[in-house]
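The next block holds one structure in the form of structure tokens; read it before the comments.
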Amino acid sequence: MVPNTDPVITAVPGRPNLVLGAYDLATLGYRADEFFVSGTATSYASPTTAEYGTRIVALRPIDDADWNGTAIVEWLNVSGGIDAPAVWLMAHREIARAGYAYVVVSAQKVGVEGGLSLVGDASLKKLDPQRYSDLRHPGDAYSYDIFTQVGRAVRDGGIDGLAPEVVLAAGESQSATFLTTYVNDVDPDVAVYDGFLIHSRFGSAAPLDGTSLLDETGEFHTRPVPFRADLRVPVLTVITETDLLDSRLLGYRHARVPDTEHLRVWEISGAAHADNYTIKVGFIDTGDVPLDQLVAAYAPTNDLMGQQLPHFINFAPQHHYVLQAAVAQLHTWVRSGRPAPSAPRIELTDTEPVDIVLDANGLATGGLRTPWVDAPTARTSGASAAGDNVLLAIFGSGEPFDAETLAALYPDGRAEYLQRFTAALDEAITAGFLLAADRAEILELAAATGP
């Protein structure tokens, strides 16, 4: 049992170093305030303690009347060597639309001090040594307790005057793998968060001793870690095709378990770990961007971080829209007790190496269905031919259908396509996997990009 310790929280004037988008946060009706958090953290791997100093950023509606009374706390992703609010970047439209308070935490050492990453050192101390020189992170073995202390401070009203009725936790990719360990090994004792959104985890989980997830020599990479059967609170996990299969990391398929009272797993057909929304659309998407700009940002591209891939990266929009629905469904589940809907699992082959069963259009069968796979105009996948470069490989692939394929799919042309797309969209909304609030925009995109 880790002792209950209260950190010291200090407001820091000025603009925080945090990539939120290429727009002014005020256009969403939000503001950002940074705080330094310091205290003593305990390691769960050994009975040791260490002093720490990290930072958090609180994003909240400018008008307090717009706050919905819930706070989401995101474990920032450090795989690229920089603190990245990955869940915010992909789901900020729903977060702002619904009026959540959103607190991001520099939970891991790489984000503060630098260290092993897929890109380089873009840590806080590297980017702004004058502002962040006093921060001290003792290592990721202490990150779990740091995340607990911040969550408790949010719940107790110790951050920016917030006094939330509900506190949710969220994290994507590497952060999701740490949150998997948190849910299994930490949450039963500390009971700080009311629910968890675990976005794009893999089959293994981060070790308690702080070993980097990017250390390929770690034996923990070979061990599948399912969610525990007796989860304390609701956990909604969003999985893409990329996360499911084995690549550089053990695929989530090895950790699959059935949905339970407190577990829902959504495996999205046709989606990749990252896509056009990750690198283009999300940075401009305020809800007021002209349609032609959204269409241009979603346009297929094989140019990724200055490199030309042998195919387009995944350009289908479903990942973004499904994640927004996941935020809303988890919140409803926690608030009302009505569970989020269960989704079918993506169908896998019985042969080795295990792969996804594809339909006649080359799209995944089974899984969480959206109009982009049920009324398709392209073949999109979590698979990639990017080779050993894991940062490029996570963007999957996409291939627009040629005119002959489109004519065979929609012999009556554009009107038939839009009719089938609309029916599939409404089915996904009714099922709870897409939001009615996004319906008009999705139909506009379909009309502008379809055959």
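Letters for chains follow the order of the structure tokens (A, B, ...), residue numbers begin at 1 for each chain, and ligand numbers begin at 1 in the order shown.
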
Please provide the set of residues having any atom within 6 Å of Ile62 (chain A), restricted to only C-alpha atoms, with same-chain residues fewer than 6 positions apart removed, written as a compact mmCIF listing (two decimals) with C-alpha atoms, in the first residue's frame.
```txt
# COMPACT_ATOMS: atom_id res chain seq x y z
CA GLY A 29 -13.90 28.48 -25.72
CA TYR A 30 -11.02 27.14 -23.62
CA ARG A 31 -7.99 28.40 -21.73
```

Review point. Could you pull the residues within 10 Å of region 300-305 of chain A, counting only C-alpha atoms, minus those fewer than 6 positions along the same chain, as a PyMOL selection string?
Key: chain A and resi 276+279+311-316+391-392+395+397-400

Check your understanding: Within 6 Å of Leu197 (chain A), counting only C-alpha atoms, which residues qualify if same-chain residues fewer than 3 places away don't, as a list in words?
Key ->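 Final neighbour list, sorted by chain and number: Ala170, Leu236 and Thr237 of chain A.
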
Point to revise | Which of region 244-279 of chain A fall in strand (DSSP E or B), as number ranges by chain | key: A: 260, 263-268

List as a tab-separated table every residue of region 291-406 of chain A that is in contact with region 416-439 of chain A, defined as an atom at most 10 Å from one of its atoms (using only C-alpha atoms), together with the nearest atom pair and the distance in Å rounded to one decimal, sorted by chain and then rising number.
```
residue	atom	partner	partner_atom	distance
A:Gln318	CA	A:Leu434	CA	8.7
A:His320	CA	A:Leu434	CA	9.8
A:Tyr321	CA	A:Leu434	CA	6.2
A:Val322	CA	A:Leu434	CA	5.5
A:Leu323	CA	A:Leu434	CA	8.5
A:Gln324	CA	A:Leu435	CA	7.5
A:Ala325	CA	A:Leu434	CA	5.2
A:Ala326	CA	A:Phe433	CA	7.3
A:Ala328	CA	A:Leu435	CA	8.3
A:Gln329	CA	A:Gly432	CA	7.5
A:Ala340	CA	A:Gly432	CA	7.8
A:Pro341	CA	A:Gly432	CA	6.5
A:Ser342	CA	A:Ala431	CA	9.1
A:Ala343	CA	A:Phe433	CA	8.5
A:Leu368	CA	A:Phe433	CA	7.5
A:Arg369	CA	A:Ala428	CA	6.8
A:Thr370	CA	A:Ala428	CA	5.9
A:Pro371	CA	A:Ala424	CA	4.8
A:Trp372	CA	A:Phe421	CA	7.7
A:Val373	CA	A:Ala424	CA	9.1
A:Asp374	CA	A:Ala424	CA	6.4
A:Ala375	CA	A:Phe421	CA	5.1
A:Pro376	CA	A:Phe421	CA	8.0
A:Thr377	CA	A:Tyr417	CA	8.9
A:Leu406	CA	A:Tyr417	CA	9.1
```

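Considering the residues A:Ile239, A:Leu214, A:Ala296, A:Val390 and counting only C-alpha atoms, His319 (chain A) has its shortest atom-to-atom contact with A:Ile239.
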
Practice item. Quick one: everything within 12 Å of Asp66 (chain A), counting only C-alpha atoms, minus sequence neighbours fewer than 5 positions away in the same chain. Send it as an NGL selection string. Key: :A and (28-30 or 60-61 or 95-101)

Let's have the selection written as a PDB file, in the first residue's frame, with N, CA and C atoms.
```pdb
ATOM      1  N   LEU A  28     -12.034  27.401 -29.221  1.00  0.00           N
ATOM      2  CA  LEU A  28     -12.851  26.320 -28.664  1.00  0.00           C
ATOM      3  C   LEU A  28     -13.575  26.756 -27.392  1.00  0.00           C
ATOM      4  N   GLY A  29     -13.330  28.005 -26.973  1.00  0.00           N
ATOM      5  CA  GLY A  29     -13.904  28.480 -25.721  1.00  0.00           C
ATOM      6  C   GLY A  29     -13.135  28.004 -24.510  1.00  0.00           C
ATOM      7  N   TYR A  30     -11.839  27.697 -24.686  1.00  0.00           N
ATOM      8  CA  TYR A  30     -11.021  27.140 -23.617  1.00  0.00           C
ATOM      9  C   TYR A  30      -9.805  28.007 -23.317  1.00  0.00           C
ATOM     10  N   ARG A  60      -9.622  24.212 -19.583  1.00  0.00           N
ATOM     11  CA  ARG A  60     -10.996  24.295 -19.085  1.00  0.00           C
ATOM     12  C   ARG A  60     -11.743  25.382 -19.826  1.00  0.00           C
ATOM     13  N   PRO A  61     -13.093  25.294 -19.845  1.00  0.00           N
ATOM     14  CA  PRO A  61     -13.865  26.339 -20.511  1.00  0.00           C
ATOM     15  C   PRO A  61     -13.588  27.712 -19.906  1.00  0.00           C
ATOM     16  N   ILE A  95     -14.539  16.839 -26.541  1.00  0.00           N
ATOM     17  CA  ILE A  95     -14.151  17.287 -25.202  1.00  0.00           C
ATOM     18  C   ILE A  95     -14.612  18.728 -24.978  1.00  0.00           C
ATOM     19  N   ALA A  96     -14.362  19.583 -25.973  1.00  0.00           N
ATOM     20  CA  ALA A  96     -14.757  20.990 -25.844  1.00  0.00           C
ATOM     21  C   ALA A  96     -16.262  21.156 -25.996  1.00  0.00           C
ATOM     22  N   ARG A  97     -16.840  20.414 -26.905  1.00  0.00           N
ATOM     23  CA  ARG A  97     -18.284  20.511 -27.160  1.00  0.00           C
ATOM     24  C   ARG A  97     -19.095  20.155 -25.920  1.00  0.00           C
ATOM     25  N   ALA A  98     -18.618  19.155 -25.181  1.00  0.00           N
ATOM     26  CA  ALA A  98     -19.332  18.702 -23.990  1.00  0.00           C
ATOM     27  C   ALA A  98     -18.908  19.449 -22.734  1.00  0.00           C
ATOM     28  N   GLY A  99     -17.833  20.241 -22.813  1.00  0.00           N
ATOM     29  CA  GLY A  99     -17.455  21.090 -21.688  1.00  0.00           C
ATOM     30  C   GLY A  99     -16.682  20.413 -20.575  1.00  0.00           C
ATOM     31  N   TYR A 100     -15.819  19.451 -20.901  1.00  0.00           N
ATOM     32  CA  TYR A 100     -14.992  18.816 -19.876  1.00  0.00           C
ATOM     33  C   TYR A 100     -13.865  19.743 -19.427  1.00  0.00           C
ATOM     34  N   ALA A 101     -13.461  19.618 -18.189  1.00  0.00           N
ATOM     35  CA  ALA A 101     -12.145  20.105 -17.776  1.00  0.00           C
ATOM     36  C   ALA A 101     -11.152  19.013 -18.154  1.00  0.00           C
TER      37      ALA A 101
END
```

Exercise for review: Would you list, as a PyMOL selection string, the residues of region 172-412 of chain A that end up in alpha helix (DSSP H) under DSSP run on this structure's backbone?
Suggested key: chain A and resi 174-181+187-190+241-244+276+282-284+291-298+318-336+371-374+390-393+403-409

Can I get the selection written as a short mmCIF file (atom, residue, chain, number, x, y, z; two decimals), in the first residue's frame, with C-alpha atoms?
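Contents of result23.cif, freshly written:
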```cif
data_model
loop_
_atom_site.label_atom_id
_atom_site.label_comp_id
_atom_site.auth_asym_id
_atom_site.auth_seq_id
_atom_site.Cartn_x
_atom_site.Cartn_y
_atom_site.Cartn_z
CA GLN A 174 2.58 4.03 -24.73
CA SER A 175 0.47 5.85 -22.15
CA ALA A 176 -2.31 3.29 -22.65
CA THR A 177 0.16 0.54 -21.89
CA PHE A 178 1.11 2.27 -18.63
CA LEU A 179 -2.58 2.79 -17.84
CA THR A 180 -3.17 -0.93 -18.38
CA THR A 181 -0.69 -1.63 -15.59
CA ASP A 187 -6.21 1.27 -9.10
CA PRO A 188 -7.55 -1.46 -6.78
CA ASP A 189 -5.63 0.11 -3.88
CA VAL A 190 -5.85 3.83 -4.62
CA GLU A 241 -6.05 -2.93 -36.51
CA THR A 242 -2.43 -1.88 -35.92
CA ASP A 243 -2.70 -2.55 -32.19
CA LEU A 244 -4.31 -5.93 -32.69
CA ASN A 276 -4.33 11.72 -41.49
CA GLY A 282 -6.56 17.39 -35.86
CA PHE A 283 -4.26 20.41 -35.82
CA ILE A 284 -6.77 22.61 -37.65
CA LEU A 291 -15.32 22.01 -45.64
CA ASP A 292 -12.82 22.35 -48.48
CA GLN A 293 -9.97 22.66 -45.96
CA LEU A 294 -11.11 19.53 -44.11
CA VAL A 295 -11.36 17.63 -47.38
CA ALA A 296 -7.86 18.75 -48.37
CA ALA A 297 -6.44 17.70 -45.00
CA TYR A 298 -8.03 14.24 -45.31
CA GLN A 318 -13.48 6.75 -38.43
CA HIS A 319 -10.77 6.58 -35.75
CA HIS A 320 -11.33 10.21 -34.76
CA TYR A 321 -15.12 10.00 -34.74
CA VAL A 322 -15.22 6.68 -32.86
CA LEU A 323 -12.86 7.99 -30.19
CA GLN A 324 -15.17 10.96 -29.66
CA ALA A 325 -18.03 8.54 -29.14
CA ALA A 326 -15.86 6.57 -26.70
CA VAL A 327 -15.33 9.69 -24.58
CA ALA A 328 -19.07 10.31 -24.48
CA GLN A 329 -19.99 6.67 -23.82
CA LEU A 330 -17.51 6.29 -20.96
CA HIS A 331 -18.82 9.47 -19.38
CA THR A 332 -22.42 8.31 -19.66
CA TRP A 333 -21.46 4.91 -18.24
CA VAL A 334 -19.84 6.46 -15.17
CA ARG A 335 -22.51 9.10 -14.67
CA SER A 336 -25.61 7.00 -15.22
CA PRO A 371 -19.86 3.73 -42.88
CA TRP A 372 -16.26 3.93 -44.12
CA VAL A 373 -16.07 0.14 -44.17
CA ASP A 374 -19.75 -0.67 -44.80
CA VAL A 390 7.78 1.75 -36.23
CA LEU A 391 6.94 5.46 -36.27
CA LEU A 392 5.96 5.25 -39.95
CA ALA A 393 4.39 1.80 -39.71
CA ALA A 403 -13.58 3.82 -61.08
CA GLU A 404 -14.36 0.24 -62.07
CA THR A 405 -14.59 -0.90 -58.43
CA LEU A 406 -16.77 2.07 -57.49
CA ALA A 407 -19.09 1.40 -60.42
CA ALA A 408 -19.47 -2.22 -59.35
CA LEU A 409 -20.17 -1.23 -55.74
#
```
